[in-house]
Every structure is written in structure tokens, then in C-alpha cells.
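Report on the structure given below.
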Number of protein chains: 2
Amino acid sequence: MDIKDLKYDANGLIPAIIQDAANGDVLMVAYMNEESLRRTLELGETVYWSRSRQEFWHKGETSGHTQKVSEIRYDCDADALLIKVEQEGAACHTGERTCFFRTLDQ
Amino acid sequence: MDIKDLKYDANGLIPAIIQDAANGDVLMVAYMNEESLRRTLELGETVYWSRSRQEFWHKGETSGHTQKVSEIRYDCDADALLIKVEQEGAACHTGERTCFFRTLDQ
């Protein structure tokens, strides 16, 4: 699979699920375009496309909470990525280890 | 968090990451709207909104490969769900246990 053949959405984005390589916890979901995925592969650390700021976002560049890529998988439809990472510090901007720290009341 | 207060996208959808409650494997990503999430909560099994067919999709209704919900989490931005499930059979329509069965060559 060439990264240009992945199925990006109408905005040129593909969701990336970020999973802790050490314990399997899902840490966050972010979005990549082809160029940010290319930079991720080159750098060996996650680089996203920030939908709110409309710019590349090298995770941890300012906080130090980088994510070293250990594996990248893609799904059967090639429209989602699963990236296993070695997470430095907290993945969430709140300081929590994972962005999914709250449970929906059922 | 009331499910109506989650952040759905312009199409009224929110991505749901489905994780195997037993071993932590990420099985698939699918999309829900508010009504499919409500049905999921009522039924205790995942009900998605199929973007390709534009209809509700009770996972496993025909295949028997249902997903019993054990926990629903939402992220810091409330624009993504993490649902831990007890997966019956294969999650993927290809017959693979997980949709993420392929690794991107790096």
C-alpha cells in the first residue's frame, strides 16, 4: 500500500487511532493528510493535520510529549489508520495519559 | 455527558473506535449519529450509521458477529468515542478478527 492510495476523505484527511504500544490503551484520535503521514514516516514521530488550526502539528514539539511510531496499520477499507506509539508523558492536553479518560453514563 | 451534547460532525456523525474488551485489540472504526448511539445504549450492542448505505447498521444482525458493549468512553473534545466490546466472531467483513490486519510498509 502506497500512502497516496489510502482513502482520504473530502478534506484529504484520514483518521489515525493512536494506541499505546506498551499496554494497548487507546490514547487519542487525530487526523492526517498524505503529507503529514509522509512526515510521520520520515520523522518516526507522529505529525498530524490540525483541523482547528489548519496546520501541521508535530505532536509534542512544544510539550515534549512526543509519540515515537512503532507500527502503522490500516483497515480493510484503507480509510483509517492504527498507529502504535511509544508515548512520552501524557497524550492528552489536559495532562491525562489518554484523551479517553471519561466514561459515558449509561 | 448527555449524548446530545457530544460533538457530531457536519454530517451528524461521530467516529467510534471499537476495542476488544478481552485483549485490547482495536477491531474497527465506524460512525454513529445520535440516534444510532441511542439504539446502541438501549440494545447493549453496537448500532452504527452506515455512510455508504445511509442506513442504521446493527452490527452482526445478519452475520451473527455482534458486539456486546461493555464500556463507552468519549475523548477530551467529545468528538470521538471509544467503545469496548465483547466481539462475537470476526469484526471484519473479510473474516479477519480485526479490520486492522495489514501493516503499512515503512
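Scheme for the C-alpha cells: letters A, B, ... for chains in order shown; per-chain residue numbers from 1; ligand numbers from 1 in order shown.
Within 7 Å of chain A, chain B contributes the residues Met1, Gly24, Leu41, Ile72, Arg73, Tyr74, Asp75, Cys76, Cys99, Phe100, Phe101, Arg102, Thr103, Leu104 and Gln106 of chain B, using only C-alpha atoms.
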Please return as a CSV table (one decimal) with N, CA and C atoms, in the first residue's frame: the residues of chain B that backbone DSSP assigns to strand (DSSP E or B).
```csv
chain,number,residue,atom,x,y,z
B,14,ILE,N,-20.2,10.8,14.6
B,14,ILE,CA,-19.0,10.8,15.5
B,14,ILE,C,-18.3,9.5,15.3
B,15,PRO,N,-17.0,9.5,15.1
B,15,PRO,CA,-16.3,8.2,15.0
B,15,PRO,C,-16.3,7.4,16.3
B,16,ALA,N,-16.5,6.1,16.1
B,16,ALA,CA,-16.4,5.2,17.2
B,16,ALA,C,-15.3,4.2,17.0
B,17,ILE,N,-14.3,4.2,17.9
B,17,ILE,CA,-13.2,3.2,17.9
B,17,ILE,C,-13.7,2.0,18.7
B,18,ILE,N,-13.6,0.9,18.0
B,18,ILE,CA,-14.1,-0.3,18.7
B,18,ILE,C,-12.9,-1.2,19.1
B,19,GLN,N,-12.9,-1.4,20.5
B,19,GLN,CA,-11.8,-2.1,21.0
B,19,GLN,C,-12.3,-3.4,21.7
B,20,ASP,N,-11.5,-4.5,21.5
B,20,ASP,CA,-11.8,-5.8,22.1
B,20,ASP,C,-11.6,-5.7,23.6
B,26,VAL,N,-7.6,-3.1,18.8
B,26,VAL,CA,-8.5,-2.3,18.1
B,26,VAL,C,-9.1,-3.1,16.9
B,27,LEU,N,-10.4,-3.2,16.9
B,27,LEU,CA,-11.1,-4.0,16.0
B,27,LEU,C,-11.5,-3.3,14.7
B,28,MET,N,-12.0,-2.1,14.9
B,28,MET,CA,-12.6,-1.4,13.7
B,28,MET,C,-12.9,0.1,14.1
B,29,VAL,N,-13.2,0.9,13.1
B,29,VAL,CA,-13.7,2.2,13.3
B,29,VAL,C,-15.0,2.3,12.5
B,30,ALA,N,-16.0,2.8,13.2
B,30,ALA,CA,-17.3,3.0,12.4
B,30,ALA,C,-17.9,4.3,12.9
B,31,TYR,N,-19.0,4.7,12.4
B,31,TYR,CA,-19.5,6.0,12.7
B,31,TYR,C,-20.9,5.9,13.3
B,32,MET,N,-21.2,6.8,14.2
B,32,MET,CA,-22.6,6.8,14.8
B,32,MET,C,-23.1,8.2,14.7
B,45,GLU,N,-25.8,-3.5,22.3
B,45,GLU,CA,-24.9,-4.0,21.2
B,45,GLU,C,-24.7,-2.8,20.2
B,47,VAL,N,-24.7,-0.3,17.3
B,47,VAL,CA,-25.6,0.1,16.1
B,47,VAL,C,-24.9,1.3,15.5
B,48,TYR,N,-24.5,1.2,14.2
B,48,TYR,CA,-23.8,2.3,13.6
B,48,TYR,C,-24.7,2.9,12.5
B,49,TRP,N,-24.1,4.0,12.0
B,49,TRP,CA,-24.7,4.6,10.8
B,49,TRP,C,-23.8,4.3,9.6
B,50,SER,N,-24.3,3.6,8.7
B,50,SER,CA,-23.5,3.2,7.5
B,50,SER,C,-23.5,4.4,6.6
B,55,GLU,N,-27.8,4.1,6.2
B,55,GLU,CA,-28.9,3.5,7.0
B,55,GLU,C,-28.3,3.0,8.3
B,56,PHE,N,-29.1,2.7,9.3
B,56,PHE,CA,-28.7,2.1,10.5
B,56,PHE,C,-28.1,0.7,10.2
B,57,TRP,N,-27.1,0.4,11.0
B,57,TRP,CA,-26.4,-0.9,10.8
B,57,TRP,C,-26.2,-1.5,12.2
B,58,HIS,N,-27.0,-2.5,12.5
B,58,HIS,CA,-26.9,-3.2,13.7
B,58,HIS,C,-25.8,-4.3,13.4
B,67,GLN,N,-21.5,-7.2,18.6
B,67,GLN,CA,-20.6,-6.6,19.6
B,67,GLN,C,-21.3,-6.2,20.8
B,68,LYS,N,-21.2,-6.9,21.9
B,68,LYS,CA,-21.8,-6.6,23.2
B,68,LYS,C,-21.0,-5.5,23.8
B,69,VAL,N,-21.7,-4.4,24.1
B,69,VAL,CA,-21.0,-3.2,24.7
B,69,VAL,C,-20.6,-3.4,26.2
B,70,SER,N,-19.4,-3.2,26.5
B,70,SER,CA,-19.0,-3.3,27.9
B,70,SER,C,-18.7,-1.9,28.5
B,71,GLU,N,-18.3,-1.0,27.7
B,71,GLU,CA,-18.0,0.3,28.2
B,71,GLU,C,-17.9,1.3,27.0
B,72,ILE,N,-18.4,2.5,27.3
B,72,ILE,CA,-18.3,3.6,26.3
B,72,ILE,C,-17.6,4.8,26.9
B,73,ARG,N,-16.5,5.2,26.2
B,73,ARG,CA,-15.8,6.4,26.7
B,73,ARG,C,-15.8,7.4,25.6
B,74,TYR,N,-15.6,8.7,26.0
B,74,TYR,CA,-15.5,9.8,25.0
B,74,TYR,C,-14.3,10.6,25.3
B,81,LEU,N,-15.6,8.5,20.1
B,81,LEU,CA,-16.0,7.5,21.1
B,81,LEU,C,-15.0,6.4,21.1
B,82,LEU,N,-14.8,5.8,22.3
B,82,LEU,CA,-14.1,4.5,22.4
B,82,LEU,C,-15.0,3.5,23.0
B,83,ILE,N,-15.3,2.5,22.3
B,83,ILE,CA,-16.3,1.5,22.8
B,83,ILE,C,-15.6,0.2,23.0
B,84,LYS,N,-15.6,-0.3,24.2
B,84,LYS,CA,-15.1,-1.7,24.4
B,84,LYS,C,-16.2,-2.7,24.3
B,85,VAL,N,-15.9,-3.7,23.6
B,85,VAL,CA,-17.0,-4.7,23.3
B,85,VAL,C,-16.5,-6.1,23.5
B,86,GLU,N,-17.5,-7.0,23.7
B,86,GLU,CA,-17.2,-8.4,23.6
B,86,GLU,C,-17.6,-8.8,22.2
B,87,GLN,N,-16.6,-9.1,21.4
B,87,GLN,CA,-16.8,-9.4,19.9
B,87,GLN,C,-17.2,-10.9,19.7
B,102,ARG,N,-3.5,-5.4,8.3
B,102,ARG,CA,-2.4,-5.1,7.4
B,102,ARG,C,-1.5,-4.0,8.0
B,103,THR,N,-0.2,-4.1,7.8
B,103,THR,CA,0.7,-3.2,8.2
B,103,THR,C,1.2,-2.3,7.0
```
Output chain B, superimposed onto chain A using in-order Cα pairs, as a compact mmCIF listing (two decimals) with N, CA and C atoms, in the first residue's frame:
```txt
# COMPACT_ATOMS: atom_id res chain seq x y z
N MET B 1 0.86 -1.19 0.03
CA MET B 1 0.01 0.01 0.04
C MET B 1 0.88 1.26 0.03
N ASP B 2 0.75 2.03 -1.04
CA ASP B 2 1.41 3.33 -1.08
C ASP B 2 0.51 4.31 -0.34
N ILE B 3 1.11 5.22 0.40
CA ILE B 3 0.27 6.11 1.22
C ILE B 3 -0.63 7.00 0.37
N LYS B 4 -0.30 7.18 -0.88
CA LYS B 4 -1.17 8.00 -1.74
C LYS B 4 -2.44 7.23 -2.12
N ASP B 5 -2.42 5.91 -1.94
CA ASP B 5 -3.59 5.10 -2.29
C ASP B 5 -4.55 4.85 -1.13
N LEU B 6 -4.21 5.38 0.04
CA LEU B 6 -5.14 5.31 1.16
C LEU B 6 -6.36 6.16 0.81
N LYS B 7 -7.48 5.88 1.47
CA LYS B 7 -8.70 6.64 1.15
C LYS B 7 -8.87 7.82 2.09
N TYR B 8 -8.52 8.98 1.59
CA TYR B 8 -8.68 10.21 2.36
C TYR B 8 -10.09 10.74 2.12
N ASP B 9 -10.62 11.47 3.09
CA ASP B 9 -11.99 11.98 2.95
C ASP B 9 -12.02 13.22 2.06
N ALA B 10 -13.17 13.86 1.98
CA ALA B 10 -13.35 15.02 1.09
C ALA B 10 -12.39 16.15 1.42
N ASN B 11 -11.92 16.18 2.68
CA ASN B 11 -10.97 17.21 3.08
C ASN B 11 -9.52 16.73 2.99
N GLY B 12 -9.35 15.54 2.41
CA GLY B 12 -8.00 15.00 2.26
C GLY B 12 -7.45 14.39 3.54
N LEU B 13 -8.33 14.06 4.47
CA LEU B 13 -7.89 13.56 5.78
C LEU B 13 -8.26 12.10 6.01
N ILE B 14 -7.47 11.47 6.87
CA ILE B 14 -7.75 10.10 7.29
C ILE B 14 -7.59 10.07 8.82
N PRO B 15 -8.53 9.43 9.53
CA PRO B 15 -8.39 9.38 10.99
C PRO B 15 -7.30 8.39 11.40
N ALA B 16 -6.55 8.80 12.41
CA ALA B 16 -5.50 7.93 12.95
C ALA B 16 -5.80 7.65 14.41
N ILE B 17 -5.97 6.38 14.72
CA ILE B 17 -6.18 5.96 16.11
C ILE B 17 -4.80 5.71 16.69
N ILE B 18 -4.55 6.35 17.81
CA ILE B 18 -3.23 6.22 18.41
C ILE B 18 -3.31 5.31 19.63
N GLN B 19 -2.53 4.23 19.58
CA GLN B 19 -2.58 3.23 20.64
C GLN B 19 -1.22 3.11 21.30
N ASP B 20 -1.23 3.02 22.61
CA ASP B 20 -0.02 2.85 23.39
C ASP B 20 0.57 1.47 23.10
N ALA B 21 1.76 1.45 22.52
CA ALA B 21 2.38 0.18 22.15
C ALA B 21 2.67 -0.68 23.37
N ALA B 22 2.84 -0.03 24.53
CA ALA B 22 3.23 -0.75 25.73
C ALA B 22 2.07 -1.51 26.37
N ASN B 23 0.90 -0.86 26.47
CA ASN B 23 -0.19 -1.51 27.20
C ASN B 23 -1.51 -1.61 26.43
N GLY B 24 -1.51 -1.14 25.18
CA GLY B 24 -2.72 -1.29 24.35
C GLY B 24 -3.80 -0.24 24.58
N ASP B 25 -3.58 0.69 25.49
CA ASP B 25 -4.58 1.75 25.71
C ASP B 25 -4.71 2.62 24.46
N VAL B 26 -5.96 2.94 24.12
CA VAL B 26 -6.17 3.90 23.04
C VAL B 26 -5.96 5.29 23.64
N LEU B 27 -5.04 6.04 23.06
CA LEU B 27 -4.64 7.32 23.64
C LEU B 27 -5.40 8.51 23.07
N MET B 28 -5.64 8.49 21.78
CA MET B 28 -6.29 9.63 21.13
C MET B 28 -6.66 9.28 19.69
N VAL B 29 -7.42 10.17 19.10
CA VAL B 29 -7.69 10.10 17.66
C VAL B 29 -7.30 11.45 17.08
N ALA B 30 -6.57 11.42 15.99
CA ALA B 30 -6.22 12.67 15.31
C ALA B 30 -6.31 12.41 13.81
N TYR B 31 -6.06 13.44 13.05
CA TYR B 31 -6.23 13.31 11.60
C TYR B 31 -4.94 13.61 10.86
N MET B 32 -4.73 12.89 9.79
CA MET B 32 -3.55 13.09 8.95
C MET B 32 -3.99 13.32 7.52
N ASN B 33 -3.21 14.12 6.81
CA ASN B 33 -3.34 14.14 5.36
C ASN B 33 -2.11 13.40 4.81
N GLU B 34 -2.02 13.28 3.50
CA GLU B 34 -0.93 12.49 2.92
C GLU B 34 0.42 13.07 3.33
N GLU B 35 0.53 14.38 3.33
CA GLU B 35 1.82 14.99 3.65
C GLU B 35 2.19 14.79 5.13
N SER B 36 1.20 14.87 6.02
CA SER B 36 1.54 14.66 7.44
C SER B 36 1.91 13.21 7.70
N LEU B 37 1.30 12.30 6.96
CA LEU B 37 1.68 10.88 7.09
C LEU B 37 3.10 10.68 6.56
N ARG B 38 3.43 11.36 5.46
CA ARG B 38 4.79 11.27 4.92
C ARG B 38 5.80 11.79 5.94
N ARG B 39 5.46 12.92 6.57
CA ARG B 39 6.37 13.47 7.58
C ARG B 39 6.51 12.54 8.78
N THR B 40 5.38 11.89 9.15
CA THR B 40 5.40 10.92 10.25
C THR B 40 6.37 9.78 9.95
N LEU B 41 6.30 9.29 8.72
CA LEU B 41 7.18 8.19 8.32
C LEU B 41 8.64 8.63 8.31
N GLU B 42 8.90 9.83 7.83
CA GLU B 42 10.28 10.33 7.76
C GLU B 42 10.85 10.58 9.15
N LEU B 43 10.02 11.17 10.00
CA LEU B 43 10.47 11.59 11.33
C LEU B 43 10.47 10.44 12.34
N GLY B 44 9.56 9.47 12.14
CA GLY B 44 9.42 8.39 13.11
C GLY B 44 8.63 8.82 14.34
N GLU B 45 8.02 10.00 14.24
CA GLU B 45 7.15 10.52 15.30
C GLU B 45 5.89 11.05 14.62
N THR B 46 4.77 11.05 15.37
CA THR B 46 3.52 11.44 14.73
C THR B 46 3.47 12.93 14.38
N VAL B 47 2.99 13.18 13.17
CA VAL B 47 2.73 14.54 12.69
C VAL B 47 1.31 14.53 12.15
N TYR B 48 0.45 15.34 12.75
CA TYR B 48 -0.96 15.38 12.35
C TYR B 48 -1.26 16.63 11.54
N TRP B 49 -2.50 16.65 11.03
CA TRP B 49 -3.02 17.88 10.45
C TRP B 49 -4.05 18.41 11.44
N SER B 50 -3.81 19.56 12.00
CA SER B 50 -4.75 20.15 12.95
C SER B 50 -5.91 20.75 12.18
N ARG B 51 -7.10 20.20 12.41
CA ARG B 51 -8.28 20.71 11.71
C ARG B 51 -8.68 22.08 12.24
N SER B 52 -8.45 22.33 13.54
CA SER B 52 -8.85 23.63 14.12
C SER B 52 -7.87 24.73 13.69
N ARG B 53 -6.60 24.41 13.66
CA ARG B 53 -5.60 25.43 13.31
C ARG B 53 -5.24 25.41 11.84
N GLN B 54 -5.66 24.34 11.14
CA GLN B 54 -5.33 24.19 9.72
C GLN B 54 -3.83 24.29 9.48
N GLU B 55 -3.09 23.47 10.24
CA GLU B 55 -1.64 23.45 10.04
C GLU B 55 -1.09 22.11 10.51
N PHE B 56 0.13 21.82 10.09
CA PHE B 56 0.76 20.59 10.56
C PHE B 56 1.02 20.70 12.05
N TRP B 57 0.97 19.56 12.71
CA TRP B 57 1.07 19.54 14.15
C TRP B 57 1.96 18.35 14.53
N HIS B 58 3.24 18.67 14.78
CA HIS B 58 4.17 17.64 15.23
C HIS B 58 3.92 17.46 16.72
N LYS B 59 3.23 16.39 17.04
CA LYS B 59 2.81 16.14 18.42
C LYS B 59 4.01 16.16 19.37
N GLY B 60 3.91 16.98 20.41
CA GLY B 60 4.96 17.03 21.41
C GLY B 60 6.07 18.01 21.10
N GLU B 61 5.96 18.71 19.97
CA GLU B 61 7.04 19.63 19.58
C GLU B 61 7.25 20.70 20.64
N THR B 62 6.15 21.18 21.23
CA THR B 62 6.30 22.19 22.29
C THR B 62 6.23 21.56 23.68
N SER B 63 5.36 20.56 23.85
CA SER B 63 5.16 19.96 25.19
C SER B 63 6.21 18.92 25.55
N GLY B 64 6.88 18.39 24.54
CA GLY B 64 7.82 17.29 24.79
C GLY B 64 7.14 15.94 24.81
N HIS B 65 5.81 15.94 24.68
CA HIS B 65 5.05 14.69 24.74
C HIS B 65 4.94 14.04 23.36
N THR B 66 6.08 13.68 22.85
CA THR B 66 6.16 13.08 21.52
C THR B 66 5.66 11.64 21.50
N GLN B 67 5.38 11.19 20.31
CA GLN B 67 4.93 9.81 20.10
C GLN B 67 5.83 9.15 19.08
N LYS B 68 6.67 8.24 19.54
CA LYS B 68 7.57 7.52 18.65
C LYS B 68 6.78 6.38 18.01
N VAL B 69 6.77 6.34 16.70
CA VAL B 69 5.97 5.35 15.98
C VAL B 69 6.62 3.98 16.03
N SER B 70 5.84 2.99 16.46
CA SER B 70 6.40 1.63 16.42
C SER B 70 5.75 0.78 15.33
N GLU B 71 4.52 1.13 14.95
CA GLU B 71 3.85 0.36 13.89
C GLU B 71 2.68 1.17 13.33
N ILE B 72 2.47 1.07 12.03
CA ILE B 72 1.30 1.71 11.41
C ILE B 72 0.51 0.64 10.67
N ARG B 73 -0.77 0.54 11.02
CA ARG B 73 -1.66 -0.39 10.33
C ARG B 73 -2.77 0.40 9.65
N TYR B 74 -3.41 -0.20 8.65
CA TYR B 74 -4.56 0.43 8.00
C TYR B 74 -5.66 -0.59 7.91
N ASP B 75 -6.89 -0.12 7.83
CA ASP B 75 -8.01 -1.06 7.92
C ASP B 75 -8.44 -1.60 6.56
N CYS B 76 -9.40 -2.49 6.59
CA CYS B 76 -9.85 -3.20 5.38
C CYS B 76 -10.31 -2.25 4.28
N ASP B 77 -10.85 -1.09 4.64
CA ASP B 77 -11.30 -0.11 3.66
C ASP B 77 -10.22 0.91 3.32
N ALA B 78 -9.09 0.80 4.01
CA ALA B 78 -7.98 1.74 3.82
C ALA B 78 -8.40 3.19 4.07
N ASP B 79 -9.38 3.36 4.97
CA ASP B 79 -9.80 4.73 5.30
C ASP B 79 -9.64 5.07 6.78
N ALA B 80 -8.81 4.29 7.46
CA ALA B 80 -8.47 4.59 8.85
C ALA B 80 -7.10 3.98 9.15
N LEU B 81 -6.36 4.67 10.02
CA LEU B 81 -5.04 4.19 10.42
C LEU B 81 -5.04 3.82 11.90
N LEU B 82 -4.24 2.84 12.24
CA LEU B 82 -3.99 2.49 13.64
C LEU B 82 -2.49 2.59 13.84
N ILE B 83 -2.08 3.52 14.69
CA ILE B 83 -0.66 3.77 14.89
C ILE B 83 -0.28 3.44 16.33
N LYS B 84 0.61 2.49 16.49
CA LYS B 84 1.10 2.14 17.82
C LYS B 84 2.33 2.97 18.10
N VAL B 85 2.33 3.59 19.28
CA VAL B 85 3.39 4.54 19.61
C VAL B 85 3.97 4.29 21.00
N GLU B 86 5.18 4.79 21.15
CA GLU B 86 5.77 4.90 22.49
C GLU B 86 5.51 6.33 22.92
N GLN B 87 4.56 6.51 23.84
CA GLN B 87 4.11 7.82 24.27
C GLN B 87 5.03 8.39 25.34
N GLU B 88 5.54 9.57 25.09
CA GLU B 88 6.33 10.30 26.08
C GLU B 88 5.36 11.14 26.90
N GLY B 89 5.27 10.92 28.21
CA GLY B 89 4.37 11.72 29.05
C GLY B 89 2.91 11.48 28.70
N ALA B 90 2.12 12.55 28.77
CA ALA B 90 0.68 12.47 28.55
C ALA B 90 0.34 12.68 27.08
N ALA B 91 -0.61 11.90 26.58
CA ALA B 91 -1.08 12.12 25.21
C ALA B 91 -2.06 13.29 25.17
N CYS B 92 -2.82 13.47 26.24
CA CYS B 92 -3.89 14.46 26.24
C CYS B 92 -3.40 15.83 26.72
N HIS B 93 -3.96 16.88 26.11
CA HIS B 93 -3.57 18.24 26.49
C HIS B 93 -4.03 18.59 27.91
N THR B 94 -4.95 17.78 28.48
CA THR B 94 -5.42 18.03 29.85
C THR B 94 -4.41 17.52 30.88
N GLY B 95 -3.44 16.76 30.42
CA GLY B 95 -2.46 16.17 31.33
C GLY B 95 -2.76 14.72 31.64
N GLU B 96 -3.94 14.26 31.19
CA GLU B 96 -4.29 12.85 31.36
C GLU B 96 -3.44 12.02 30.39
N ARG B 97 -3.20 10.81 30.76
CA ARG B 97 -2.40 9.93 29.90
C ARG B 97 -3.10 9.69 28.55
N THR B 98 -4.41 9.44 28.61
CA THR B 98 -5.20 9.22 27.40
C THR B 98 -6.31 10.27 27.30
N CYS B 99 -6.69 10.60 26.09
CA CYS B 99 -7.80 11.54 25.88
C CYS B 99 -9.14 10.90 26.26
N PHE B 100 -9.18 9.58 26.33
CA PHE B 100 -10.44 8.89 26.65
C PHE B 100 -10.52 8.57 28.14
N PHE B 101 -10.49 9.59 28.95
CA PHE B 101 -10.44 9.37 30.40
C PHE B 101 -11.83 9.45 31.04
N ARG B 102 -12.85 9.69 30.24
CA ARG B 102 -14.20 9.79 30.80
C ARG B 102 -15.13 8.72 30.22
N THR B 103 -15.98 8.21 31.07
CA THR B 103 -16.93 7.18 30.67
C THR B 103 -18.30 7.80 30.49
N LEU B 104 -18.98 7.38 29.43
CA LEU B 104 -20.34 7.85 29.18
C LEU B 104 -21.28 7.15 30.15
N ASP B 105 -22.07 7.94 30.86
CA ASP B 105 -23.07 7.34 31.76
C ASP B 105 -24.08 6.58 30.90
N GLN B 106 -24.41 5.40 31.34
CA GLN B 106 -25.31 4.58 30.51
C GLN B 106 -26.60 4.29 31.24
```
* Asked: In chain B, what's helix (DSSP H, G or I) per DSSP? Answer as a list in words?
  ->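 For chain B, the helix (DSSP H, G or I) set is Ile3, Lys4, Asp5, Glu34, Glu35, Ser36, Leu37, Arg38, Arg39, Thr40, Leu41, Glu42 and Leu43 of chain B.
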